[in-house]
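This report refers to the structure that appears directly beneath it.
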Amino acid sequence: MDAPLPENNTTNDSIHLQNVVVMRHGDRIDSLEPLWVTTASRPWDPPLVEAGRIRAFCTGRKLKTDLGFPIHRVFVSPFLRCIQTASEVVSALCAVGDGPDVVSSRGVTIDSSKLKVSIEYGLCEMLNREAIRSDCAPKDGNFGFNISELEAMLPTGTVDHAVKPVYEELPQWEETVMGARTRYEQIIKALTDKYPLENLLLVTHGEGVGVSVSAFLKDISVYEVEYCAYSQLRRSLVHEKKSFTAGEFEVLTHNGQSGISYCCASPTATGAMHDEM
């Protein structure tokens, strides 16, 4: 594809490798405490348990040490479990002088200039009964996300308020599984095209991580995405003056690696993964 480069990008002819990491949120409370939904004011939006925060921070530290490239920009689903996951991961990525005994963001000093974070509706949970039980979904269809409050939960100084989301509002309730999968594929492509010279981290839900593999790796079906599992994608871009031509995404994640399991696709395998995302 040919597309214009942002004004602040180079105009010299060059070849560039763009890296994308697509990550699932950490352990959610309703998976460990099933009765939580009976008293919750927002049963469709469970937070992380403490183990989920620890897993997210430790995964962020692993990304920092193992990826071999910096993350420049983070996009995150507005669901609380993803915001809390992103907060821990970003703190780990931006941490200054943290020792190996540190397992969460509490008390960690960060360098907020290392990357920027934005909330993106296009990365949200599948809005259907396969992902959100009908007795947990809001009766009026209003999921009630307060973006300012959610941004305040992210590490100080990391939020980029100038970024306009690709999806300016949530998808409609009762989107199909295939419609949600198409959305996940489109948002990965849209965000990478919007920031072609930056490496991205997308914090989303299990189905979104599955799509990040199955959409770009031929004839496979993802059947398990663990908490904080992540995929790695890479593509080459050729810059010519003020435009770029992008190659196809290459999936660098092997079966069973970083919490993602997949197999050869069955012709009838069209359903969503059964685990709540």
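FYI, nothing fancy with the structure tokens labels: chains A, B, ... in order, residues from 1 per chain, ligands from 1 as they appear.
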
Could you please write out, as an MDAnalysis selection string, every residue of segment 28-193 of chain A that DSSP assigns to strand (DSSP E or B)?
chainID A and resid 28 48 73:76 95 110 116:119 159

Would you mind listing what lies within 9 Å of segment 108-118 of chain A as a compact mmCIF listing (two decimals) with N, CA and C atoms, in the first residue's frame, with only C-alpha atoms counted and same-chain residues fewer than 3 positions away left out?
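Okay, this is what ended up in selection07.txt:
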```txt
# COMPACT_ATOMS: atom_id res chain seq x y z
N PRO A 70 12.83 -0.75 20.97
CA PRO A 70 12.02 0.04 21.91
C PRO A 70 10.56 0.11 21.47
N ILE A 71 9.66 0.23 22.44
CA ILE A 71 8.26 0.56 22.16
C ILE A 71 8.13 2.07 22.22
N HIS A 72 7.61 2.66 21.14
CA HIS A 72 7.46 4.11 21.09
C HIS A 72 6.07 4.58 21.51
N ARG A 73 5.07 3.73 21.25
CA ARG A 73 3.70 4.19 21.45
C ARG A 73 2.82 3.00 21.86
N VAL A 74 1.93 3.24 22.83
CA VAL A 74 1.04 2.21 23.35
C VAL A 74 -0.41 2.63 23.12
N PHE A 75 -1.22 1.70 22.62
CA PHE A 75 -2.66 1.92 22.48
C PHE A 75 -3.37 0.87 23.31
N VAL A 76 -4.46 1.27 23.97
CA VAL A 76 -5.09 0.38 24.94
C VAL A 76 -6.61 0.45 24.84
N ALA A 86 -2.09 -1.96 31.04
CA ALA A 86 -1.21 -1.00 30.35
C ALA A 86 -0.44 -0.16 31.36
N VAL A 90 3.51 -0.21 31.05
CA VAL A 90 4.18 1.05 30.72
C VAL A 90 5.14 1.44 31.84
N SER A 91 4.73 1.24 33.08
CA SER A 91 5.62 1.54 34.20
C SER A 91 6.89 0.70 34.12
N ALA A 92 6.74 -0.58 33.75
CA ALA A 92 7.92 -1.44 33.61
C ALA A 92 8.80 -1.00 32.46
N LEU A 93 8.18 -0.64 31.33
CA LEU A 93 8.95 -0.21 30.17
C LEU A 93 9.70 1.09 30.42
N CYS A 94 9.12 1.95 31.26
CA CYS A 94 9.71 3.27 31.52
C CYS A 94 10.46 3.35 32.83
N ALA A 95 10.57 2.24 33.54
CA ALA A 95 11.16 2.25 34.88
C ALA A 95 12.63 2.67 34.84
N VAL A 96 13.00 3.40 35.88
CA VAL A 96 14.38 3.85 36.04
C VAL A 96 14.92 3.27 37.34
N GLY A 97 15.96 2.46 37.22
CA GLY A 97 16.63 1.95 38.42
C GLY A 97 15.84 0.95 39.22
N ASP A 98 14.88 0.24 38.62
CA ASP A 98 14.14 -0.76 39.37
C ASP A 98 14.94 -2.06 39.44
N VAL A 102 11.49 -5.95 42.31
CA VAL A 102 10.30 -5.11 42.13
C VAL A 102 9.33 -5.85 41.21
N SER A 104 5.78 -4.80 40.87
CA SER A 104 4.64 -3.98 40.45
C SER A 104 5.09 -2.54 40.34
N SER A 105 4.18 -1.69 39.86
CA SER A 105 4.52 -0.29 39.61
C SER A 105 4.59 0.55 40.86
N GLU A 151 -7.70 7.80 31.67
CA GLU A 151 -6.37 8.35 31.38
C GLU A 151 -5.62 8.68 32.67
N LEU A 154 -3.35 5.96 34.09
CA LEU A 154 -2.11 5.63 33.39
C LEU A 154 -0.95 6.43 34.00
N PRO A 155 0.28 5.96 33.86
CA PRO A 155 1.42 6.65 34.49
C PRO A 155 1.50 8.12 34.10
N THR A 156 1.78 8.94 35.08
CA THR A 156 1.82 10.39 34.89
C THR A 156 2.79 10.79 33.79
N GLY A 157 2.30 11.63 32.90
CA GLY A 157 3.14 12.17 31.83
C GLY A 157 3.22 11.33 30.58
N THR A 158 2.56 10.16 30.57
CA THR A 158 2.68 9.28 29.41
C THR A 158 1.53 9.41 28.42
N VAL A 159 0.41 10.00 28.83
CA VAL A 159 -0.75 10.08 27.95
C VAL A 159 -0.55 11.15 26.88
N ASP A 160 -0.81 10.78 25.64
CA ASP A 160 -0.72 11.73 24.52
C ASP A 160 -2.13 12.23 24.20
N HIS A 161 -2.45 13.42 24.70
CA HIS A 161 -3.80 13.96 24.53
C HIS A 161 -4.05 14.47 23.12
N VAL A 163 -3.57 12.77 20.37
CA VAL A 163 -3.92 11.68 19.46
C VAL A 163 -5.44 11.55 19.33
N LYS A 164 -5.90 11.48 18.10
CA LYS A 164 -7.31 11.22 17.83
C LYS A 164 -7.50 9.72 17.59
N PRO A 165 -8.45 9.09 18.28
CA PRO A 165 -8.62 7.65 18.10
C PRO A 165 -9.12 7.32 16.69
```

Just want the 7 Å neighbourhood of Glu174 of chain A, counted on only C-alpha atoms, with same-chain residues fewer than 5 positions away dropped. Output as a list in words.
Leu127, Asn128 and Arg129 of chain A

Could you write those residues out with all heavy atoms, as a PDB file, in the first residue's frame?
```pdb
ATOM      1  N   LEU A 127     -18.116  -6.871  21.577  1.00  0.00           N
ATOM      2  CA  LEU A 127     -19.360  -6.439  22.215  1.00  0.00           C
ATOM      3  C   LEU A 127     -20.489  -7.359  21.759  1.00  0.00           C
ATOM      4  O   LEU A 127     -21.347  -7.004  20.937  1.00  0.00           O
ATOM      5  CB  LEU A 127     -19.641  -4.975  21.874  1.00  0.00           C
ATOM      6  CG  LEU A 127     -18.614  -3.976  22.414  1.00  0.00           C
ATOM      7  CD1 LEU A 127     -19.082  -2.541  22.206  1.00  0.00           C
ATOM      8  CD2 LEU A 127     -18.327  -4.219  23.896  1.00  0.00           C
ATOM      9  N   ASN A 128     -20.470  -8.552  22.321  1.00  0.00           N
ATOM     10  CA  ASN A 128     -21.510  -9.535  22.032  1.00  0.00           C
ATOM     11  C   ASN A 128     -21.592 -10.527  23.193  1.00  0.00           C
ATOM     12  O   ASN A 128     -20.803 -10.479  24.134  1.00  0.00           O
ATOM     13  CB  ASN A 128     -21.240 -10.251  20.705  1.00  0.00           C
ATOM     14  CG  ASN A 128     -19.854 -10.883  20.650  1.00  0.00           C
ATOM     15  OD1 ASN A 128     -19.355 -11.407  21.644  1.00  0.00           O
ATOM     16  ND2 ASN A 128     -19.221 -10.828  19.479  1.00  0.00           N
ATOM     17  N   ARG A 129     -22.561 -11.432  23.104  1.00  0.00           N
ATOM     18  CA  ARG A 129     -22.813 -12.368  24.199  1.00  0.00           C
ATOM     19  C   ARG A 129     -21.759 -13.469  24.293  1.00  0.00           C
ATOM     20  O   ARG A 129     -21.699 -14.181  25.292  1.00  0.00           O
ATOM     21  CB  ARG A 129     -24.212 -12.978  24.035  1.00  0.00           C
ATOM     22  CG  ARG A 129     -25.318 -11.933  24.098  1.00  0.00           C
ATOM     23  CD  ARG A 129     -26.683 -12.514  23.798  1.00  0.00           C
ATOM     24  NE  ARG A 129     -27.629 -11.457  23.494  1.00  0.00           N
ATOM     25  CZ  ARG A 129     -28.320 -10.786  24.405  1.00  0.00           C
ATOM     26  NH1 ARG A 129     -28.151 -11.068  25.679  1.00  0.00           N
ATOM     27  NH2 ARG A 129     -29.161  -9.841  24.046  1.00  0.00           N
TER      28      ARG A 129
END
```

If DSSP is run on the backbone, what residues of segment 73-170 of chain A are helix (DSSP H, G or I)? A reply as a list in words would be ideal.
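DSSP-assigned helix (DSSP H, G or I) residues in segment 73-170 of chain A: Leu80, Arg81, Cys82, Ile83, Gln84, Thr85, Ala86, Ser87, Glu88, Val89, Val90, Ser91, Ala92, Leu93, Cys94, Tyr121, Gly122, Leu123, Ile147, Ser148, Glu149, Leu150, Glu151 and Ala152 of chain A.
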
Put those residues in a file: C-alpha atoms, as a compact mmCIF listing (two decimals), in the first residue's frame.
```txt
# COMPACT_ATOMS: atom_id res chain seq x y z
CA LEU A 80 -10.60 -1.32 33.04
CA ARG A 81 -8.59 -4.57 33.01
CA CYS A 82 -6.72 -3.35 29.93
CA ILE A 83 -6.09 0.13 31.37
CA GLN A 84 -4.68 -1.43 34.55
CA THR A 85 -2.56 -3.83 32.51
CA ALA A 86 -1.21 -1.00 30.35
CA SER A 87 -0.40 1.02 33.47
CA GLU A 88 1.77 -1.78 34.83
CA VAL A 89 3.41 -2.59 31.49
CA VAL A 90 4.18 1.05 30.72
CA SER A 91 5.62 1.54 34.20
CA ALA A 92 7.92 -1.44 33.61
CA LEU A 93 8.95 -0.21 30.17
CA CYS A 94 9.71 3.27 31.52
CA TYR A 121 -12.04 2.14 21.22
CA GLY A 122 -11.16 -0.10 18.27
CA LEU A 123 -9.20 -2.38 20.63
CA ILE A 147 -11.96 8.60 29.20
CA SER A 148 -10.57 11.34 31.46
CA GLU A 149 -10.84 9.08 34.50
CA LEU A 150 -9.24 6.19 32.63
CA GLU A 151 -6.37 8.35 31.38
CA ALA A 152 -5.72 9.43 34.99
```

For Val238 of chain A, which residue out of A:Glu226, A:Asn19, A:Gly210, A:Ser14 is the nearest one, using only C-alpha atoms?
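Residue with the minimum atom-to-atom distance to Val238 of chain A: A:Ser14.
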
Who sits within 7 Å of segment 228-234 of chain A, only C-alpha atoms, same chain under 6 positions skipped, as a ChimeraX atom specification
/A:17-26,56,59,209,212-213,249-253,258-260

Residue subset to file, keeping N, CA and C atoms, as a PDB file, in the first residue's frame:
```pdb
ATOM      1  N   LEU A  17      12.033  -1.292   9.385  1.00  0.00           N
ATOM      2  CA  LEU A  17      11.267  -2.398   9.940  1.00  0.00           C
ATOM      3  C   LEU A  17      10.405  -1.875  11.074  1.00  0.00           C
ATOM      4  N   GLN A  18       9.113  -2.097  10.972  1.00  0.00           N
ATOM      5  CA  GLN A  18       8.182  -1.692  12.023  1.00  0.00           C
ATOM      6  C   GLN A  18       7.751  -2.922  12.816  1.00  0.00           C
ATOM      7  N   ASN A  19       7.815  -2.803  14.138  1.00  0.00           N
ATOM      8  CA  ASN A  19       7.458  -3.907  15.038  1.00  0.00           C
ATOM      9  C   ASN A  19       6.172  -3.583  15.784  1.00  0.00           C
ATOM     10  N   VAL A  20       5.339  -4.603  15.959  1.00  0.00           N
ATOM     11  CA  VAL A  20       4.074  -4.449  16.678  1.00  0.00           C
ATOM     12  C   VAL A  20       3.931  -5.596  17.664  1.00  0.00           C
ATOM     13  N   VAL A  21       3.604  -5.267  18.902  1.00  0.00           N
ATOM     14  CA  VAL A  21       3.321  -6.266  19.929  1.00  0.00           C
ATOM     15  C   VAL A  21       1.851  -6.129  20.310  1.00  0.00           C
ATOM     16  N   VAL A  22       1.118  -7.232  20.270  1.00  0.00           N
ATOM     17  CA  VAL A  22      -0.312  -7.218  20.619  1.00  0.00           C
ATOM     18  C   VAL A  22      -0.489  -8.110  21.848  1.00  0.00           C
ATOM     19  N   MET A  23      -0.980  -7.532  22.920  1.00  0.00           N
ATOM     20  CA  MET A  23      -0.949  -8.189  24.235  1.00  0.00           C
ATOM     21  C   MET A  23      -2.335  -8.261  24.865  1.00  0.00           C
ATOM     22  N   ARG A  24      -2.603  -9.373  25.536  1.00  0.00           N
ATOM     23  CA  ARG A  24      -3.841  -9.522  26.307  1.00  0.00           C
ATOM     24  C   ARG A  24      -3.645  -8.954  27.716  1.00  0.00           C
ATOM     25  N   HIS A  25      -4.750  -8.544  28.319  1.00  0.00           N
ATOM     26  CA  HIS A  25      -4.722  -8.041  29.697  1.00  0.00           C
ATOM     27  C   HIS A  25      -4.372  -9.148  30.688  1.00  0.00           C
ATOM     28  N   GLY A  26      -4.169  -8.754  31.944  1.00  0.00           N
ATOM     29  CA  GLY A  26      -3.842  -9.702  33.006  1.00  0.00           C
ATOM     30  C   GLY A  26      -5.071 -10.351  33.620  1.00  0.00           C
ATOM     31  N   ALA A  56       1.289  -8.440  34.755  1.00  0.00           N
ATOM     32  CA  ALA A  56       1.424  -7.389  33.743  1.00  0.00           C
ATOM     33  C   ALA A  56       2.766  -6.669  33.875  1.00  0.00           C
ATOM     34  N   THR A  59       5.557  -8.931  32.767  1.00  0.00           N
ATOM     35  CA  THR A  59       5.554  -9.066  31.310  1.00  0.00           C
ATOM     36  C   THR A  59       6.140  -7.819  30.664  1.00  0.00           C
ATOM     37  N   VAL A 209      -5.822 -10.601  20.378  1.00  0.00           N
ATOM     38  CA  VAL A 209      -4.486 -11.195  20.268  1.00  0.00           C
ATOM     39  C   VAL A 209      -4.528 -12.380  19.309  1.00  0.00           C
ATOM     40  N   SER A 212      -4.449 -11.198  15.818  1.00  0.00           N
ATOM     41  CA  SER A 212      -3.143 -10.672  15.414  1.00  0.00           C
ATOM     42  C   SER A 212      -2.236 -11.769  14.873  1.00  0.00           C
ATOM     43  N   VAL A 213      -2.549 -13.016  15.203  1.00  0.00           N
ATOM     44  CA  VAL A 213      -1.807 -14.156  14.656  1.00  0.00           C
ATOM     45  C   VAL A 213      -2.550 -14.750  13.457  1.00  0.00           C
ATOM     46  N   PHE A 249       2.606  -8.155   6.973  1.00  0.00           N
ATOM     47  CA  PHE A 249       3.055  -8.462   8.333  1.00  0.00           C
ATOM     48  C   PHE A 249       3.584  -9.894   8.400  1.00  0.00           C
ATOM     49  N   GLU A 250       4.700 -10.043   9.089  1.00  0.00           N
ATOM     50  CA  GLU A 250       5.264 -11.355   9.384  1.00  0.00           C
ATOM     51  C   GLU A 250       5.005 -11.652  10.855  1.00  0.00           C
ATOM     52  N   VAL A 251       4.424 -12.812  11.143  1.00  0.00           N
ATOM     53  CA  VAL A 251       4.174 -13.215  12.533  1.00  0.00           C
ATOM     54  C   VAL A 251       5.423 -13.893  13.071  1.00  0.00           C
ATOM     55  N   LEU A 252       6.002 -13.316  14.105  1.00  0.00           N
ATOM     56  CA  LEU A 252       7.236 -13.842  14.683  1.00  0.00           C
ATOM     57  C   LEU A 252       6.974 -14.796  15.844  1.00  0.00           C
ATOM     58  N   THR A 253       5.729 -14.896  16.277  1.00  0.00           N
ATOM     59  CA  THR A 253       5.371 -15.708  17.438  1.00  0.00           C
ATOM     60  C   THR A 253       5.097 -17.152  17.015  1.00  0.00           C
ATOM     61  N   SER A 258       5.150 -17.374  24.264  1.00  0.00           N
ATOM     62  CA  SER A 258       4.577 -16.177  24.912  1.00  0.00           C
ATOM     63  C   SER A 258       3.082 -16.297  25.173  1.00  0.00           C
ATOM     64  N   GLY A 259       2.617 -17.532  25.448  1.00  0.00           N
ATOM     65  CA  GLY A 259       1.244 -17.715  25.914  1.00  0.00           C
ATOM     66  C   GLY A 259       0.189 -17.889  24.845  1.00  0.00           C
ATOM     67  N   ILE A 260       0.573 -18.094  23.595  1.00  0.00           N
ATOM     68  CA  ILE A 260      -0.383 -18.242  22.494  1.00  0.00           C
ATOM     69  C   ILE A 260      -0.221 -19.627  21.872  1.00  0.00           C
TER      70      ILE A 260
END
```

Could you list, as a PDB file with C-alpha atoms, in the first residue's frame, every residue within 9 Å of Glu50 of chain A, counting only C-alpha atoms and ignoring same-chain residues fewer than 5 positions away?
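New file selection.pdb:
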```
ATOM      1  CA  ASP A  27      -5.890 -11.878  35.363  1.00  0.00           C
ATOM      2  CA  ILE A  29     -11.263 -10.711  39.131  1.00  0.00           C
ATOM      3  CA  ARG A  55       1.876 -10.553  35.839  1.00  0.00           C
TER       4      ARG A  55
END
```

Long-range neighbours of Ser41 of chain A as an MDAnalysis selection string, 12 Å cut-off, only C-alpha atoms, 3 positions minimum in chain:
chainID A and resid 36:38 44:47 136:138 143:144

Mind writing the picked residues with N, CA and C atoms as an mmCIF file, in the first residue's frame?
```cif
data_model
loop_
_atom_site.group_PDB
_atom_site.id
_atom_site.type_symbol
_atom_site.label_atom_id
_atom_site.label_comp_id
_atom_site.auth_asym_id
_atom_site.auth_seq_id
_atom_site.Cartn_x
_atom_site.Cartn_y
_atom_site.Cartn_z
ATOM 1 N N TRP A 36 -18.290 -12.137 42.192
ATOM 2 C CA TRP A 36 -18.016 -10.698 42.119
ATOM 3 C C TRP A 36 -19.073 -9.974 41.298
ATOM 4 N N VAL A 37 -19.548 -10.578 40.229
ATOM 5 C CA VAL A 37 -20.499 -9.904 39.332
ATOM 6 C C VAL A 37 -21.835 -9.645 40.005
ATOM 7 N N THR A 38 -22.171 -10.399 41.063
ATOM 8 C CA THR A 38 -23.489 -10.258 41.685
ATOM 9 C C THR A 38 -23.619 -8.959 42.471
ATOM 10 N N TRP A 44 -19.797 -5.717 33.738
ATOM 11 C CA TRP A 44 -19.205 -5.940 32.412
ATOM 12 C C TRP A 44 -17.746 -5.466 32.327
ATOM 13 N N ASP A 45 -17.247 -4.868 33.409
ATOM 14 C CA ASP A 45 -15.923 -4.235 33.339
ATOM 15 C C ASP A 45 -15.073 -4.610 34.548
ATOM 16 N N PRO A 46 -14.735 -5.895 34.695
ATOM 17 C CA PRO A 46 -13.984 -6.330 35.878
ATOM 18 C C PRO A 46 -12.559 -5.795 35.897
ATOM 19 N N PRO A 47 -12.053 -5.490 37.093
ATOM 20 C CA PRO A 47 -10.650 -5.062 37.228
ATOM 21 C C PRO A 47 -9.727 -6.270 37.305
ATOM 22 N N CYS A 136 -24.708 -9.604 32.406
ATOM 23 C CA CYS A 136 -23.671 -8.679 32.886
ATOM 24 C C CYS A 136 -23.609 -7.408 32.050
ATOM 25 N N ALA A 137 -24.126 -7.437 30.839
ATOM 26 C CA ALA A 137 -24.059 -6.269 29.958
ATOM 27 C C ALA A 137 -24.975 -5.159 30.463
ATOM 28 N N PRO A 138 -24.629 -3.893 30.211
ATOM 29 C CA PRO A 138 -25.501 -2.788 30.630
ATOM 30 C C PRO A 138 -26.859 -2.866 29.925
ATOM 31 N N PHE A 143 -21.968 1.574 28.005
ATOM 32 C CA PHE A 143 -20.882 0.986 28.790
ATOM 33 C C PHE A 143 -20.212 2.005 29.710
ATOM 34 N N GLY A 144 -20.499 3.275 29.541
ATOM 35 C CA GLY A 144 -20.124 4.299 30.512
ATOM 36 C C GLY A 144 -18.647 4.493 30.746
#
```

Report as a compact mmCIF listing (two decimals) with all heavy atoms, in the first residue's frame all protein, DNA and RNA residues lying within 12 Å of Trp173 of chain A, evaluated on only C-alpha atoms, omitting residues in the same chain fewer than 6 positions from it.
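Writing done, so here's part23.txt:
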```txt
# COMPACT_ATOMS: atom_id res chain seq x y z
N CYS A 124 -11.33 -2.52 21.84
CA CYS A 124 -12.19 -2.94 22.94
C CYS A 124 -12.61 -4.40 22.81
O CYS A 124 -12.42 -5.05 21.78
CB CYS A 124 -13.41 -2.04 23.03
SG CYS A 124 -14.70 -2.39 21.82
N GLU A 125 -13.17 -4.91 23.88
CA GLU A 125 -13.70 -6.27 23.93
C GLU A 125 -14.72 -6.49 22.82
O GLU A 125 -15.34 -5.53 22.32
CB GLU A 125 -14.38 -6.48 25.30
CG GLU A 125 -15.06 -7.81 25.49
CD GLU A 125 -14.10 -8.96 25.49
OE1 GLU A 125 -13.69 -9.37 24.37
OE2 GLU A 125 -13.76 -9.46 26.58
N MET A 126 -14.90 -7.73 22.40
CA MET A 126 -16.00 -8.05 21.50
C MET A 126 -17.30 -7.68 22.21
O MET A 126 -17.56 -8.13 23.32
CB MET A 126 -16.04 -9.54 21.17
CG MET A 126 -14.92 -10.03 20.30
SD MET A 126 -15.32 -11.66 19.59
CE MET A 126 -15.57 -12.64 21.09
N LEU A 127 -18.12 -6.87 21.58
CA LEU A 127 -19.36 -6.44 22.22
C LEU A 127 -20.49 -7.36 21.76
O LEU A 127 -21.35 -7.00 20.94
CB LEU A 127 -19.64 -4.98 21.87
CG LEU A 127 -18.61 -3.98 22.41
CD1 LEU A 127 -19.08 -2.54 22.21
CD2 LEU A 127 -18.33 -4.22 23.90
N ASN A 128 -20.47 -8.55 22.32
CA ASN A 128 -21.51 -9.54 22.03
C ASN A 128 -21.59 -10.53 23.19
O ASN A 128 -20.80 -10.48 24.13
CB ASN A 128 -21.24 -10.25 20.71
CG ASN A 128 -19.85 -10.88 20.65
OD1 ASN A 128 -19.36 -11.41 21.64
ND2 ASN A 128 -19.22 -10.83 19.48
N ARG A 129 -22.56 -11.43 23.10
CA ARG A 129 -22.81 -12.37 24.20
C ARG A 129 -21.76 -13.47 24.29
O ARG A 129 -21.70 -14.18 25.29
CB ARG A 129 -24.21 -12.98 24.04
CG ARG A 129 -25.32 -11.93 24.10
CD ARG A 129 -26.68 -12.51 23.80
NE ARG A 129 -27.63 -11.46 23.49
CZ ARG A 129 -28.32 -10.79 24.41
NH1 ARG A 129 -28.15 -11.07 25.68
NH2 ARG A 129 -29.16 -9.84 24.05
N GLU A 130 -20.95 -13.63 23.24
CA GLU A 130 -19.85 -14.59 23.32
C GLU A 130 -18.78 -14.13 24.30
O GLU A 130 -18.11 -14.95 24.91
CB GLU A 130 -19.22 -14.80 21.94
CG GLU A 130 -20.00 -15.72 21.02
CD GLU A 130 -21.15 -15.01 20.33
OE1 GLU A 130 -21.34 -13.79 20.57
OE2 GLU A 130 -21.85 -15.66 19.53
N ALA A 131 -18.63 -12.82 24.46
CA ALA A 131 -17.59 -12.27 25.33
C ALA A 131 -18.14 -11.68 26.62
O ALA A 131 -17.46 -11.70 27.66
CB ALA A 131 -16.80 -11.20 24.59
N ILE A 132 -19.34 -11.14 26.57
CA ILE A 132 -19.95 -10.50 27.75
C ILE A 132 -21.33 -11.11 27.96
O ILE A 132 -22.21 -10.98 27.10
CB ILE A 132 -20.08 -8.97 27.56
CG1 ILE A 132 -18.71 -8.35 27.28
CG2 ILE A 132 -20.71 -8.33 28.80
CD1 ILE A 132 -18.78 -6.87 26.93
N ARG A 133 -21.52 -11.80 29.07
CA ARG A 133 -22.81 -12.44 29.34
C ARG A 133 -23.92 -11.42 29.34
O ARG A 133 -23.77 -10.29 29.80
CB ARG A 133 -22.76 -13.15 30.69
CG ARG A 133 -21.90 -14.39 30.69
CD ARG A 133 -21.71 -15.00 32.06
NE ARG A 133 -22.58 -14.53 33.11
CZ ARG A 133 -22.26 -14.54 34.40
NH1 ARG A 133 -21.06 -14.99 34.77
NH2 ARG A 133 -23.09 -14.12 35.32
N SER A 134 -25.09 -11.81 28.82
CA SER A 134 -26.21 -10.88 28.70
C SER A 134 -26.66 -10.35 30.05
O SER A 134 -27.11 -9.21 30.16
CB SER A 134 -27.39 -11.56 27.99
OG SER A 134 -27.77 -12.75 28.69
N ALA A 137 -24.13 -7.44 30.84
CA ALA A 137 -24.06 -6.27 29.96
C ALA A 137 -24.97 -5.16 30.46
O ALA A 137 -25.99 -5.43 31.11
CB ALA A 137 -24.46 -6.66 28.54
N PRO A 138 -24.63 -3.89 30.21
CA PRO A 138 -25.50 -2.79 30.63
C PRO A 138 -26.86 -2.87 29.92
O PRO A 138 -26.92 -3.06 28.71
CB PRO A 138 -24.72 -1.53 30.21
CG PRO A 138 -23.77 -2.00 29.18
CD PRO A 138 -23.42 -3.41 29.51
N LYS A 139 -27.93 -2.72 30.69
CA LYS A 139 -29.28 -2.88 30.13
C LYS A 139 -29.59 -1.83 29.08
O LYS A 139 -30.33 -2.09 28.12
CB LYS A 139 -30.32 -2.83 31.25
CG LYS A 139 -30.10 -3.85 32.36
CD LYS A 139 -30.01 -5.28 31.84
CE LYS A 139 -29.78 -6.27 32.97
NZ LYS A 139 -29.56 -7.65 32.46
N ASP A 140 -29.04 -0.63 29.24
CA ASP A 140 -29.32 0.45 28.30
C ASP A 140 -28.31 0.52 27.16
O ASP A 140 -28.36 1.42 26.32
CB ASP A 140 -29.39 1.80 29.02
CG ASP A 140 -28.08 2.16 29.72
OD1 ASP A 140 -27.13 1.34 29.68
OD2 ASP A 140 -28.01 3.26 30.30
N GLY A 141 -27.36 -0.42 27.15
CA GLY A 141 -26.36 -0.43 26.09
C GLY A 141 -25.24 0.58 26.27
O GLY A 141 -24.35 0.68 25.43
N ASN A 142 -25.27 1.33 27.38
CA ASN A 142 -24.24 2.35 27.64
C ASN A 142 -23.17 1.77 28.56
O ASN A 142 -23.42 1.52 29.74
CB ASN A 142 -24.89 3.59 28.28
CG ASN A 142 -23.86 4.68 28.58
OD1 ASN A 142 -22.72 4.62 28.13
ND2 ASN A 142 -24.29 5.68 29.34
N PHE A 143 -21.97 1.57 28.01
CA PHE A 143 -20.88 0.99 28.79
C PHE A 143 -20.21 2.00 29.71
O PHE A 143 -19.42 1.64 30.56
CB PHE A 143 -19.86 0.34 27.86
CG PHE A 143 -20.32 -0.99 27.32
CD1 PHE A 143 -21.21 -1.05 26.26
CD2 PHE A 143 -19.88 -2.17 27.89
CE1 PHE A 143 -21.65 -2.28 25.77
CE2 PHE A 143 -20.32 -3.40 27.41
CZ PHE A 143 -21.21 -3.45 26.34
N GLY A 179 -17.43 -10.00 12.70
CA GLY A 179 -17.33 -8.54 12.63
C GLY A 179 -16.27 -8.00 13.58
O GLY A 179 -15.51 -7.09 13.25
N ALA A 180 -16.21 -8.58 14.80
CA ALA A 180 -15.20 -8.16 15.78
C ALA A 180 -13.80 -8.53 15.29
O ALA A 180 -12.85 -7.76 15.44
CB ALA A 180 -15.48 -8.80 17.12
```

Between A:Leu32, A:Cys58, A:Cys263, A:Ala246, which one has atoms that come closest to Gly99 of chain A, using only C-alpha atoms?
A:Cys58

Select, from A:Leu201, A:Lys218, A:Arg235, A:Asp135, the residue with the minimum atom-to-atom distance to Leu63 of chain A, counting only C-alpha atoms.
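Closest candidate: A:Leu201.
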
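Shortest atom-to-atom contact with Leu191 of chain A among A:Phe79, A:Glu120, A:Phe145, A:Gly247: A:Glu120, counting only C-alpha atoms.
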
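Here atom CA of Ala215 of chain A is placed at a distance of 14.2 Å from atom CA of Ala190 of chain A.
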
Across A:Phe69, A:Phe57, A:Phe244, A:Phe216, the smallest distance to Leu200 of chain A, with only C-alpha atoms counted, is shown by A:Phe69

So, counting only C-alpha atoms, which residue among A:Pro43, A:Pro78, A:Gly68, A:Pro34 is closest to Glu169 of chain A?
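Result for the nearest residue to Glu169 of chain A: A:Pro78.
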